[in-house]
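Asks: Pasting coords-v6.txt here (compact mmCIF, C-alpha atoms):
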# COMPACT_ATOMS: atom_id res chain seq x y z
CA MET A 9 -66.02 -35.46 -10.76
CA PHE A 10 -66.26 -35.16 -6.98
CA ALA A 11 -69.31 -34.41 -4.84
CA ASN A 12 -69.84 -34.42 -1.10
CA MET A 13 -72.86 -35.84 0.73
CA THR A 14 -74.40 -32.39 1.07
CA ALA A 15 -74.48 -32.15 -2.71
CA ALA A 16 -75.92 -35.66 -2.91
CA ARG A 17 -78.73 -34.75 -0.51
CA LEU A 18 -79.37 -31.53 -2.41
CA LEU A 19 -79.94 -33.57 -5.57
CA GLY A 20 -82.01 -36.21 -3.83
CA ALA A 21 -79.37 -38.95 -4.05
CA GLU A 22 -78.66 -41.56 -1.38
CA ASN A 23 -74.92 -41.40 -1.98
CA VAL A 24 -72.41 -39.50 -4.07
CA GLU A 25 -72.00 -42.38 -6.52
CA HIS A 26 -75.51 -41.63 -7.80
CA ILE A 27 -74.49 -38.19 -9.04
CA THR A 28 -70.78 -38.44 -9.88
CA GLY A 29 -70.18 -38.92 -13.56
CA ARG A 30 -73.46 -37.31 -14.60
CA PRO A 31 -73.25 -34.59 -17.29
CA ILE A 32 -73.69 -31.16 -15.76
CA LYS A 33 -76.68 -30.47 -18.01
CA GLU A 34 -78.53 -33.35 -16.39
CA ILE A 35 -78.19 -31.56 -13.07
CA VAL A 36 -78.79 -27.99 -14.17
CA HIS A 37 -82.38 -27.18 -15.14
CA PRO A 38 -82.84 -26.16 -18.82
CA ALA A 39 -84.01 -22.72 -17.66
CA SER A 40 -80.50 -22.18 -16.24
CA TRP A 41 -78.50 -23.54 -19.19
CA GLU A 42 -77.93 -20.11 -20.71
CA ALA A 43 -76.70 -18.74 -17.38
CA LEU A 44 -74.50 -21.82 -16.96
CA LYS A 45 -72.90 -21.33 -20.39
CA LYS A 46 -72.31 -17.64 -19.65
CA ARG A 47 -70.72 -18.53 -16.32
CA PHE A 48 -68.40 -21.12 -17.86
CA ASP A 49 -67.46 -18.69 -20.66
CA GLU A 50 -66.58 -16.08 -18.03
CA LEU A 51 -64.58 -18.62 -16.08
CA ASN A 52 -62.68 -19.65 -19.20
CA GLU A 53 -62.00 -16.07 -20.26
CA ASN A 54 -61.30 -14.39 -16.93
CA GLY A 55 -60.66 -17.13 -14.45
CA THR A 56 -59.60 -20.60 -15.48
CA THR A 57 -57.41 -19.75 -18.45
CA PHE A 58 -55.45 -17.19 -16.46
CA PHE A 59 -55.23 -19.52 -13.46
CA TRP A 60 -54.03 -22.54 -15.42
CA ARG A 61 -51.46 -20.43 -17.26
CA LYS A 62 -50.10 -19.52 -13.83
CA ILE A 63 -49.80 -23.24 -13.11
CA GLU A 64 -47.94 -23.85 -16.37
CA LYS A 65 -45.54 -21.02 -15.54
CA GLY A 66 -45.07 -22.28 -12.00
CA ASN A 67 -46.60 -19.17 -10.42
CA VAL A 68 -49.02 -21.12 -8.23
CA LYS A 69 -47.71 -22.08 -4.80
CA SER A 70 -49.88 -25.19 -4.52
CA LEU A 71 -51.89 -27.32 -6.93
CA ASN A 72 -54.72 -26.99 -4.42
CA GLU A 73 -54.76 -23.22 -4.80
CA THR A 74 -57.95 -21.83 -6.36
CA GLY A 75 -58.31 -19.23 -9.06
CA SER A 76 -60.76 -16.34 -9.38
CA VAL A 77 -63.98 -16.84 -7.41
CA PHE A 78 -67.18 -15.73 -9.12
CA PRO A 79 -70.07 -14.38 -7.01
CA PHE A 80 -73.18 -16.40 -6.19
CA VAL A 81 -75.95 -16.41 -8.79
CA GLU A 82 -79.40 -17.96 -8.63
CA GLU A 83 -80.00 -21.07 -10.74
CA LYS A 84 -82.18 -24.19 -10.71
CA PHE A 85 -81.04 -27.79 -10.31
CA VAL A 86 -82.97 -30.95 -11.13
CA ARG A 87 -83.10 -33.62 -8.42
CA ARG A 88 -83.02 -37.35 -9.18
CA ASP A 89 -86.82 -37.57 -8.86
CA GLY A 90 -87.27 -34.78 -11.41
CA SER A 91 -88.26 -32.11 -8.91
CA VAL A 92 -86.65 -28.68 -9.18
CA VAL A 93 -84.63 -27.03 -6.43
CA ALA A 94 -83.66 -23.36 -6.35
CA VAL A 95 -79.99 -22.78 -5.58
CA GLU A 96 -77.35 -20.10 -5.33
CA VAL A 97 -74.19 -21.17 -7.14
CA THR A 98 -70.62 -19.94 -7.26
CA ALA A 99 -67.68 -21.40 -9.14
CA THR A 100 -63.90 -21.18 -9.11
CA PRO A 101 -61.14 -22.90 -11.10
CA LEU A 102 -58.76 -25.28 -9.35
CA THR A 103 -56.76 -28.43 -9.90
CA PHE A 104 -58.23 -31.75 -8.84
CA GLN A 105 -56.23 -34.97 -9.04
CA ASP A 106 -53.64 -33.06 -11.12
CA ARG A 107 -56.26 -32.08 -13.69
CA GLN A 108 -57.91 -28.79 -14.55
CA ALA A 109 -61.29 -28.53 -12.86
CA ILE A 110 -63.99 -26.16 -11.68
CA GLN A 111 -65.28 -26.21 -8.14
CA ILE A 112 -68.99 -25.47 -7.84
CA ILE A 113 -70.55 -24.53 -4.52
CA ALA A 114 -74.34 -24.59 -4.33
CA ARG A 115 -76.68 -23.79 -1.49
CA ASN A 116 -80.38 -24.55 -1.33
CA ILE A 117 -82.54 -21.41 -1.35
CA THR A 118 -85.88 -23.06 -2.08
CA GLU A 119 -87.47 -22.12 1.24
CA ARG A 120 -86.18 -18.59 0.96
CA LYS A 121 -87.64 -18.27 -2.54
CA ARG A 122 -90.99 -19.62 -1.34
CA ALA A 123 -91.01 -17.11 1.49
CA GLU A 124 -90.15 -14.29 -0.91
CA GLU A 125 -92.90 -15.35 -3.30
CA ALA A 126 -95.44 -15.57 -0.47
CA GLN A 127 -94.40 -12.15 0.77
CA GLN A 128 -94.68 -10.72 -2.75
CA LYS A 129 -98.18 -12.17 -3.16
CA SER A 130 -99.16 -10.71 0.20
CA GLU A 131 -97.81 -7.29 -0.75
CA ASP A 132 -99.52 -7.45 -4.15
CA SER A 133 -102.85 -8.27 -2.44
CA TYR A 134 -102.30 -5.44 0.05
CA ARG A 135 -101.48 -3.02 -2.76
CA ARG A 136 -104.60 -3.95 -4.75
CA LEU A 137 -106.72 -3.48 -1.64
CA VAL A 138 -105.37 -0.11 -0.55
CA GLU A 139 -105.10 1.29 -4.07
CA ARG A 140 -108.90 1.20 -4.23
CA SER A 141 -109.43 2.53 -0.72
CA PRO A 142 -111.04 5.97 -0.38
CA GLU A 143 -108.93 6.44 2.75
CA SER A 144 -105.51 8.08 2.50
CA ILE A 145 -102.94 5.40 3.31
CA LEU A 146 -99.19 5.83 3.73
CA VAL A 147 -96.59 3.21 4.62
CA ILE A 148 -93.62 4.67 6.46
CA GLN A 149 -90.54 2.56 7.09
CA MET A 150 -88.27 2.64 10.13
CA ASP A 151 -86.00 5.25 8.55
CA ASP A 152 -89.01 7.62 8.54
CA GLU A 153 -89.20 7.56 4.74
CA ILE A 154 -92.46 7.07 2.85
CA ALA A 155 -92.38 3.71 1.08
CA PHE A 156 -95.93 3.65 -0.29
CA ALA A 157 -98.79 6.08 -0.88
CA ASN A 158 -102.16 5.17 -2.34
CA PRO A 159 -104.03 7.48 -4.78
CA ALA A 160 -106.14 8.99 -1.99
CA ALA A 161 -102.97 9.94 -0.06
CA VAL A 162 -101.43 11.39 -3.23
CA LYS A 163 -104.53 13.59 -3.68
CA LEU A 164 -104.67 14.58 0.00
CA LEU A 165 -101.05 15.72 -0.01
CA GLY A 166 -101.37 17.52 -3.34
CA ALA A 167 -98.76 15.44 -5.18
CA ALA A 168 -98.78 14.77 -8.90
CA GLY A 169 -98.18 11.08 -8.28
CA ALA A 170 -96.92 8.58 -5.72
CA ASP A 171 -93.37 9.01 -7.04
CA GLU A 172 -93.34 12.53 -5.61
CA LEU A 173 -93.94 11.13 -2.13
CA ILE A 174 -92.02 7.85 -2.06
CA GLY A 175 -88.55 8.32 -0.57
CA LYS A 176 -89.41 11.63 1.12
CA ARG A 177 -89.14 11.92 4.87
CA ALA A 178 -92.57 11.71 6.45
CA ASP A 179 -91.85 14.47 8.98
CA ALA A 180 -91.97 16.97 6.09
CA PHE A 181 -95.74 16.51 6.05
CA PHE A 182 -96.41 16.66 9.81
CA LYS A 183 -96.22 19.33 12.46
CA PRO A 184 -93.25 18.61 14.78
CA ASP A 185 -95.22 17.71 17.92
CA PRO A 186 -97.64 15.26 16.31
CA TRP A 187 -94.83 13.73 14.32
CA ASP A 188 -92.74 13.22 17.46
CA ALA A 189 -95.69 11.36 18.98
CA ILE A 190 -96.02 9.17 15.89
CA VAL A 191 -92.29 8.48 15.82
CA SER A 192 -92.42 7.49 19.47
CA ARG A 193 -95.13 4.97 18.64
CA ILE A 194 -93.18 3.71 15.61
CA ARG A 195 -90.12 3.13 17.79
CA HIS A 196 -92.20 0.80 19.95
CA LEU A 197 -93.83 -1.14 17.13
CA ARG A 198 -91.50 -4.06 17.63
CA ASN A 199 -93.08 -4.52 21.05
CA LYS A 200 -96.39 -5.17 19.23
CA GLN A 201 -98.20 -2.35 20.94
CA PRO A 202 -101.81 -1.81 19.81
CA LEU A 203 -102.56 0.55 16.95
CA MET A 204 -102.77 4.25 17.63
CA SER A 205 -106.42 5.34 17.71
CA PHE A 206 -107.59 8.18 15.47
CA THR A 207 -106.54 11.63 16.64
CA GLU A 208 -107.07 15.02 15.03
CA GLN A 209 -103.89 16.48 13.58
CA GLN A 210 -102.67 18.60 10.71
CA LEU A 211 -100.71 17.49 7.67
CA PHE A 212 -98.94 19.76 5.21
CA ARG A 213 -99.54 19.37 1.49
CA MET A 214 -96.72 19.56 -1.07
CA ASP A 215 -97.50 23.27 -1.51
CA GLY A 216 -97.27 23.89 2.25
CA ILE A 217 -101.02 24.35 2.80
CA PRO A 218 -102.18 22.64 6.01
CA VAL A 219 -105.02 20.12 5.94
CA ASP A 220 -106.98 18.90 8.96
CA VAL A 221 -107.10 15.11 9.33
CA GLU A 222 -107.95 12.30 11.69
CA LEU A 223 -104.92 10.04 11.78
CA SER A 224 -104.24 6.51 12.97
CA ALA A 225 -101.10 4.35 12.81
CA SER A 226 -100.50 0.63 13.15
CA PRO A 227 -97.52 -1.73 12.72
CA THR A 228 -96.97 -3.62 9.48
CA VAL A 229 -94.23 -5.18 7.36
CA TYR A 230 -93.55 -3.77 3.91
CA GLN A 231 -90.98 -5.13 1.46
CA GLY A 232 -89.66 -7.34 4.23
CA LYS A 233 -88.97 -4.46 6.61
CA PRO A 234 -90.77 -3.24 9.74
CA ALA A 235 -92.98 -0.29 8.89
CA VAL A 236 -96.01 1.67 10.06
CA GLN A 237 -99.25 2.09 8.16
CA VAL A 238 -100.78 5.54 8.53
CA ILE A 239 -104.45 6.12 7.70
CA ALA A 240 -105.70 9.68 7.38
CA HIS A 241 -109.28 11.01 7.10
CA ASP A 242 -109.67 14.47 5.63
CA ILE A 243 -111.90 16.27 8.14
CA GLY A 244 -111.53 19.75 6.67
CA GLU A 245 -115.05 19.76 5.24
CA ARG A 246 -116.55 18.40 8.47
CA ARG A 247 -114.74 20.99 10.54
CA GLN A 248 -115.86 23.75 8.17
CA ASN A 249 -119.47 22.60 8.47
CA LEU A 250 -119.23 22.66 12.27
CA GLU A 251 -117.80 26.17 12.19
CA ASN A 252 -120.59 27.31 9.83
CA CYS A 253 -123.20 25.82 12.16
CA ALA A 254 -121.65 27.56 15.13
CA ARG A 255 -121.70 30.90 13.36
CA ALA A 256 -125.32 30.41 12.30
CA ARG A 257 -126.53 29.99 15.87
CA PRO A 258 -128.43 33.00 17.24
How would this structure read if it were set down as structure tokens?
Replies:
Amino acid sequence: MFANMTAARLLGAENVEHITGRPIKEIVHPASWEALKKRFDELNENGTTFFWRKIEKGNVKSLNETGSVFPFVEEKFVRRDGSVVAVEVTATPLTFQDRQAIQIIARNITERKRAEEAQQKSEDSYRRLVERSPESILVIQMDDEIAFANPAAVKLLGAAGADELIGKRADAFFKPDPWDAIVSRIRHLRNKQPLMSFTEQQLFRMDGIPVDVELSASPTVYQGKPAVQVIAHDIGERRQNLENCARARP
């Protein structure tokens, strides 16, 4: 077995001698044993056997030539102190010191996984908060597609469920001029401009009926991508009451 110093550091060893000669199952976390066995079975069936037969037949130009490379998969390794490290691993058959071998390349993704988990927790908290909000809330990503709609927004836009809205272009629900203004603001979100204050506009429901709203937009990040959060107040009833009051005046 061969390991470089990067592998030694990954496994918490001071030098490569501390990890060479160890059974692979002492390095791979038990949660990844099934994936490891599947990977080795695939290598044996589709990669190593075919590659080493090429060697036997003299079809390999160099004994240092590698066989089929398998894509990176996520696994867990166990460091010398017993701590667990998340890794992405790929493997390929080769010859090492004139013997059949498998080269394993691993890269540490622990920090990335932590960041992903933190982001997921943040999005879950955000979702729980806005799901209960009486305000209509939409999240629109930089491609102008709706990525999220809370129940109030679903009701406001006359959809049967959020699935009817997610993936649709947001401009289908706005008049052209107001939407152009919103898009202009979205395009400048990366400059961290302040949120857009509430303005009166019209949205179009799924059935094409217009609805009067007060609308505000602010920058956010959703599913790891820049986005804009749109909050809409239905002011149709308020406007109707004002019109009724105006008509009732002598």
Asks: Could you state the separation of atom CA of Gln231 of chain A and atom CA of Leu18 of chain A in Å, given to one decimal place?
Replies: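 Between atom CA of Gln231 of chain A and atom CA of Leu18 of chain A the gap works out to 29.1 Å.
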Asks: Calculated over only C-alpha atoms, which of the candidates A:Met13, A:Leu44, A:Asn116, A:Gln128 has the smallest distance to Gly232 of chain A?
Replies: A:Gln128
Asks: Neighbouring residues of segment 136-145 of chain A were defined as those with any atom within 8 Å, considering all atoms listed in the file; residues of the same chain fewer than 4 positions away were excluded. Please report them as a list of chain:residue names.
Replies: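 Final neighbour list, sorted by chain and number: A:Asp132, A:Ala157, A:Asn158, A:Pro159, A:Ala160, A:Ala161, A:Val162, A:Leu164, A:Gln237, A:Val238, A:Ile239, A:Ala240, A:His241.
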Asks: To one decimal place in Å, what is the distance between atom CA of Arg213 of chain A and atom CA of Met150 of chain A?
Replies: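 Interatomic distance, atom CA of Arg213 of chain A to atom CA of Met150 of chain A: 21.9 Å.
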Asks: Compile the contact shell of segment 20-32 of chain A as a PDB file with C-alpha atoms, keeping the file's coordinate frame: residues with an atom at most 8 Å away, counting all atoms listed in the file, same-chain residues fewer than 4 positions apart removed.
Replies:
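selection.pdb, written as the output of this step:
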ATOM      1  CA  MET A   9     -66.020 -35.460 -10.760  1.00  0.00           C
ATOM      2  CA  PHE A  10     -66.260 -35.160  -6.980  1.00  0.00           C
ATOM      3  CA  ALA A  11     -69.310 -34.410  -4.840  1.00  0.00           C
ATOM      4  CA  ASN A  12     -69.840 -34.420  -1.100  1.00  0.00           C
ATOM      5  CA  MET A  13     -72.860 -35.840   0.730  1.00  0.00           C
ATOM      6  CA  ALA A  15     -74.480 -32.150  -2.710  1.00  0.00           C
ATOM      7  CA  ALA A  16     -75.920 -35.660  -2.910  1.00  0.00           C
ATOM      8  CA  VAL A  36     -78.790 -27.990 -14.170  1.00  0.00           C
ATOM      9  CA  ARG A  87     -83.100 -33.620  -8.420  1.00  0.00           C
ATOM     10  CA  ARG A  88     -83.020 -37.350  -9.180  1.00  0.00           C
ATOM     11  CA  ASP A  89     -86.820 -37.570  -8.860  1.00  0.00           C
TER      12      ASP A  89
END
Asks: How many Å lie between atom CA of Phe80 of chain A and atom CA of Thr100 of chain A, rounded to one decimal?
Replies: 10.8 Å
Asks: Quick one: residues within 6 Å of Ala155 of chain A, all atoms listed in the file counted, chain neighbours fewer than 2 positions away excluded, as a PyMOL selection string?
Replies: chain A and resi 147-148+174
Asks: For Lys183 of chain A, find every residue with an atom within 8 Å (counting all atoms listed in the file), except residues of its own chain fewer than 5 positions away, and show them as a list of chain:residue names.
Replies: A:Gln210, A:Leu211, A:Phe212
Asks: For a quick check of understanding, using only C-alpha atoms, which of A:Val229, A:Ala235, A:Val93, A:Leu102 has the smallest distance to Glu153 of chain A?
Replies: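 Of A:Val229, A:Ala235, A:Val93, A:Leu102, the one nearest Glu153 of chain A, counting only C-alpha atoms, is A:Ala235.
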Asks: Which of these, A:Ala178, A:Ala126, A:Ala109, A:Leu19, has the shortest distance to Ala94 of chain A once you count only C-alpha atoms?
Replies: A:Leu19
Asks: If you count all atoms listed in the file, which residues fall within 9 Å of Val97 of chain A, apart from same-chain ones fewer than 4 positions away, as a CSV table (one decimal) with C-alpha atoms, keeping the file's coordinate frame?
Replies:
chain,number,residue,atom,x,y,z
A,79,PRO,CA,-70.1,-14.4,-7.0
A,80,PHE,CA,-73.2,-16.4,-6.2
A,81,VAL,CA,-76.0,-16.4,-8.8
A,82,GLU,CA,-79.4,-18.0,-8.6
A,83,GLU,CA,-80.0,-21.1,-10.7
A,112,ILE,CA,-69.0,-25.5,-7.8
A,113,ILE,CA,-70.6,-24.5,-4.5
A,114,ALA,CA,-74.3,-24.6,-4.3
A,115,ARG,CA,-76.7,-23.8,-1.5
Asks: For segment 144-171 of chain A, supply N, CA and C atoms and format the output as a PDB file, in the coordinates of the input.
Replies:
ATOM      1  N   SER A 144    -106.911   7.767   2.815  1.00  0.00           N
ATOM      2  CA  SER A 144    -105.510   8.080   2.500  1.00  0.00           C
ATOM      3  C   SER A 144    -104.619   7.158   3.316  1.00  0.00           C
ATOM      4  N   ILE A 145    -103.789   6.381   2.634  1.00  0.00           N
ATOM      5  CA  ILE A 145    -102.940   5.400   3.310  1.00  0.00           C
ATOM      6  C   ILE A 145    -101.490   5.606   2.911  1.00  0.00           C
ATOM      7  N   LEU A 146    -100.636   5.733   3.924  1.00  0.00           N
ATOM      8  CA  LEU A 146     -99.190   5.830   3.730  1.00  0.00           C
ATOM      9  C   LEU A 146     -98.526   4.685   4.466  1.00  0.00           C
ATOM     10  N   VAL A 147     -97.437   4.173   3.908  1.00  0.00           N
ATOM     11  CA  VAL A 147     -96.590   3.210   4.620  1.00  0.00           C
ATOM     12  C   VAL A 147     -95.245   3.888   4.834  1.00  0.00           C
ATOM     13  N   ILE A 148     -94.854   3.987   6.089  1.00  0.00           N
ATOM     14  CA  ILE A 148     -93.620   4.670   6.460  1.00  0.00           C
ATOM     15  C   ILE A 148     -92.684   3.657   7.101  1.00  0.00           C
ATOM     16  N   GLN A 149     -91.476   3.540   6.558  1.00  0.00           N
ATOM     17  CA  GLN A 149     -90.540   2.560   7.090  1.00  0.00           C
ATOM     18  C   GLN A 149     -89.748   3.140   8.252  1.00  0.00           C
ATOM     19  N   MET A 150     -88.919   2.273   8.871  1.00  0.00           N
ATOM     20  CA  MET A 150     -88.270   2.640  10.130  1.00  0.00           C
ATOM     21  C   MET A 150     -87.271   3.782   9.989  1.00  0.00           C
ATOM     22  N   ASP A 151     -86.881   4.104   8.758  1.00  0.00           N
ATOM     23  CA  ASP A 151     -86.000   5.250   8.550  1.00  0.00           C
ATOM     24  C   ASP A 151     -86.784   6.543   8.354  1.00  0.00           C
ATOM     25  N   ASP A 152     -88.109   6.473   8.624  1.00  0.00           N
ATOM     26  CA  ASP A 152     -89.010   7.620   8.540  1.00  0.00           C
ATOM     27  C   ASP A 152     -89.263   8.071   7.102  1.00  0.00           C
ATOM     28  N   GLU A 153     -88.938   7.215   6.134  1.00  0.00           N
ATOM     29  CA  GLU A 153     -89.200   7.560   4.740  1.00  0.00           C
ATOM     30  C   GLU A 153     -90.493   6.898   4.264  1.00  0.00           C
ATOM     31  N   ILE A 154     -91.218   7.599   3.409  1.00  0.00           N
ATOM     32  CA  ILE A 154     -92.460   7.070   2.850  1.00  0.00           C
ATOM     33  C   ILE A 154     -92.110   6.013   1.810  1.00  0.00           C
ATOM     34  N   ALA A 155     -92.651   4.810   1.999  1.00  0.00           N
ATOM     35  CA  ALA A 155     -92.380   3.710   1.080  1.00  0.00           C
ATOM     36  C   ALA A 155     -93.554   3.446   0.148  1.00  0.00           C
ATOM     37  N   PHE A 156     -94.743   3.888   0.541  1.00  0.00           N
ATOM     38  CA  PHE A 156     -95.930   3.650  -0.290  1.00  0.00           C
ATOM     39  C   PHE A 156     -96.967   4.726   0.002  1.00  0.00           C
ATOM     40  N   ALA A 157     -97.682   5.142  -1.021  1.00  0.00           N
ATOM     41  CA  ALA A 157     -98.790   6.080  -0.880  1.00  0.00           C
ATOM     42  C   ALA A 157     -99.867   5.700  -1.884  1.00  0.00           C
ATOM     43  N   ASN A 158    -101.097   5.529  -1.412  1.00  0.00           N
ATOM     44  CA  ASN A 158    -102.160   5.170  -2.340  1.00  0.00           C
ATOM     45  C   ASN A 158    -102.701   6.443  -3.019  1.00  0.00           C
ATOM     46  N   PRO A 159    -103.538   6.303  -4.051  1.00  0.00           N
ATOM     47  CA  PRO A 159    -104.030   7.480  -4.780  1.00  0.00           C
ATOM     48  C   PRO A 159    -104.722   8.510  -3.893  1.00  0.00           C
ATOM     49  N   ALA A 160    -105.468   8.045  -2.878  1.00  0.00           N
ATOM     50  CA  ALA A 160    -106.140   8.990  -1.990  1.00  0.00           C
ATOM     51  C   ALA A 160    -105.125   9.827  -1.215  1.00  0.00           C
ATOM     52  N   ALA A 161    -104.011   9.200  -0.784  1.00  0.00           N
ATOM     53  CA  ALA A 161    -102.970   9.940  -0.060  1.00  0.00           C
ATOM     54  C   ALA A 161    -102.264  10.921  -0.998  1.00  0.00           C
ATOM     55  N   VAL A 162    -102.048  10.505  -2.236  1.00  0.00           N
ATOM     56  CA  VAL A 162    -101.430  11.390  -3.230  1.00  0.00           C
ATOM     57  C   VAL A 162    -102.285  12.646  -3.402  1.00  0.00           C
ATOM     58  N   LYS A 163    -103.604  12.455  -3.507  1.00  0.00           N
ATOM     59  CA  LYS A 163    -104.530  13.590  -3.680  1.00  0.00           C
ATOM     60  C   LYS A 163    -104.554  14.457  -2.429  1.00  0.00           C
ATOM     61  N   LEU A 164    -104.618  13.823  -1.251  1.00  0.00           N
ATOM     62  CA  LEU A 164    -104.670  14.580   0.000  1.00  0.00           C
ATOM     63  C   LEU A 164    -103.466  15.480   0.164  1.00  0.00           C
ATOM     64  N   LEU A 165    -102.292  14.964  -0.200  1.00  0.00           N
ATOM     65  CA  LEU A 165    -101.050  15.720  -0.010  1.00  0.00           C
ATOM     66  C   LEU A 165    -100.695  16.588  -1.213  1.00  0.00           C
ATOM     67  N   GLY A 166    -101.564  16.622  -2.214  1.00  0.00           N
ATOM     68  CA  GLY A 166    -101.370  17.520  -3.340  1.00  0.00           C
ATOM     69  C   GLY A 166    -100.194  17.166  -4.235  1.00  0.00           C
ATOM     70  N   ALA A 167     -99.872  15.876  -4.322  1.00  0.00           N
ATOM     71  CA  ALA A 167     -98.760  15.440  -5.180  1.00  0.00           C
ATOM     72  C   ALA A 167     -99.286  15.080  -6.559  1.00  0.00           C
ATOM     73  N   ALA A 168     -98.400  15.140  -7.543  1.00  0.00           N
ATOM     74  CA  ALA A 168     -98.780  14.770  -8.900  1.00  0.00           C
ATOM     75  C   ALA A 168     -98.893  13.255  -9.051  1.00  0.00           C
ATOM     76  N   GLY A 169     -98.151  12.535  -8.236  1.00  0.00           N
ATOM     77  CA  GLY A 169     -98.180  11.080  -8.280  1.00  0.00           C
ATOM     78  C   GLY A 169     -97.453  10.525  -7.069  1.00  0.00           C
ATOM     79  N   ALA A 170     -97.563   9.209  -6.871  1.00  0.00           N
ATOM     80  CA  ALA A 170     -96.920   8.580  -5.720  1.00  0.00           C
ATOM     81  C   ALA A 170     -95.405   8.764  -5.745  1.00  0.00           C
ATOM     82  N   ASP A 171     -94.827   8.858  -6.927  1.00  0.00           N
ATOM     83  CA  ASP A 171     -93.370   9.010  -7.040  1.00  0.00           C
ATOM     84  C   ASP A 171     -92.882  10.282  -6.351  1.00  0.00           C
TER      85      ASP A 171
END
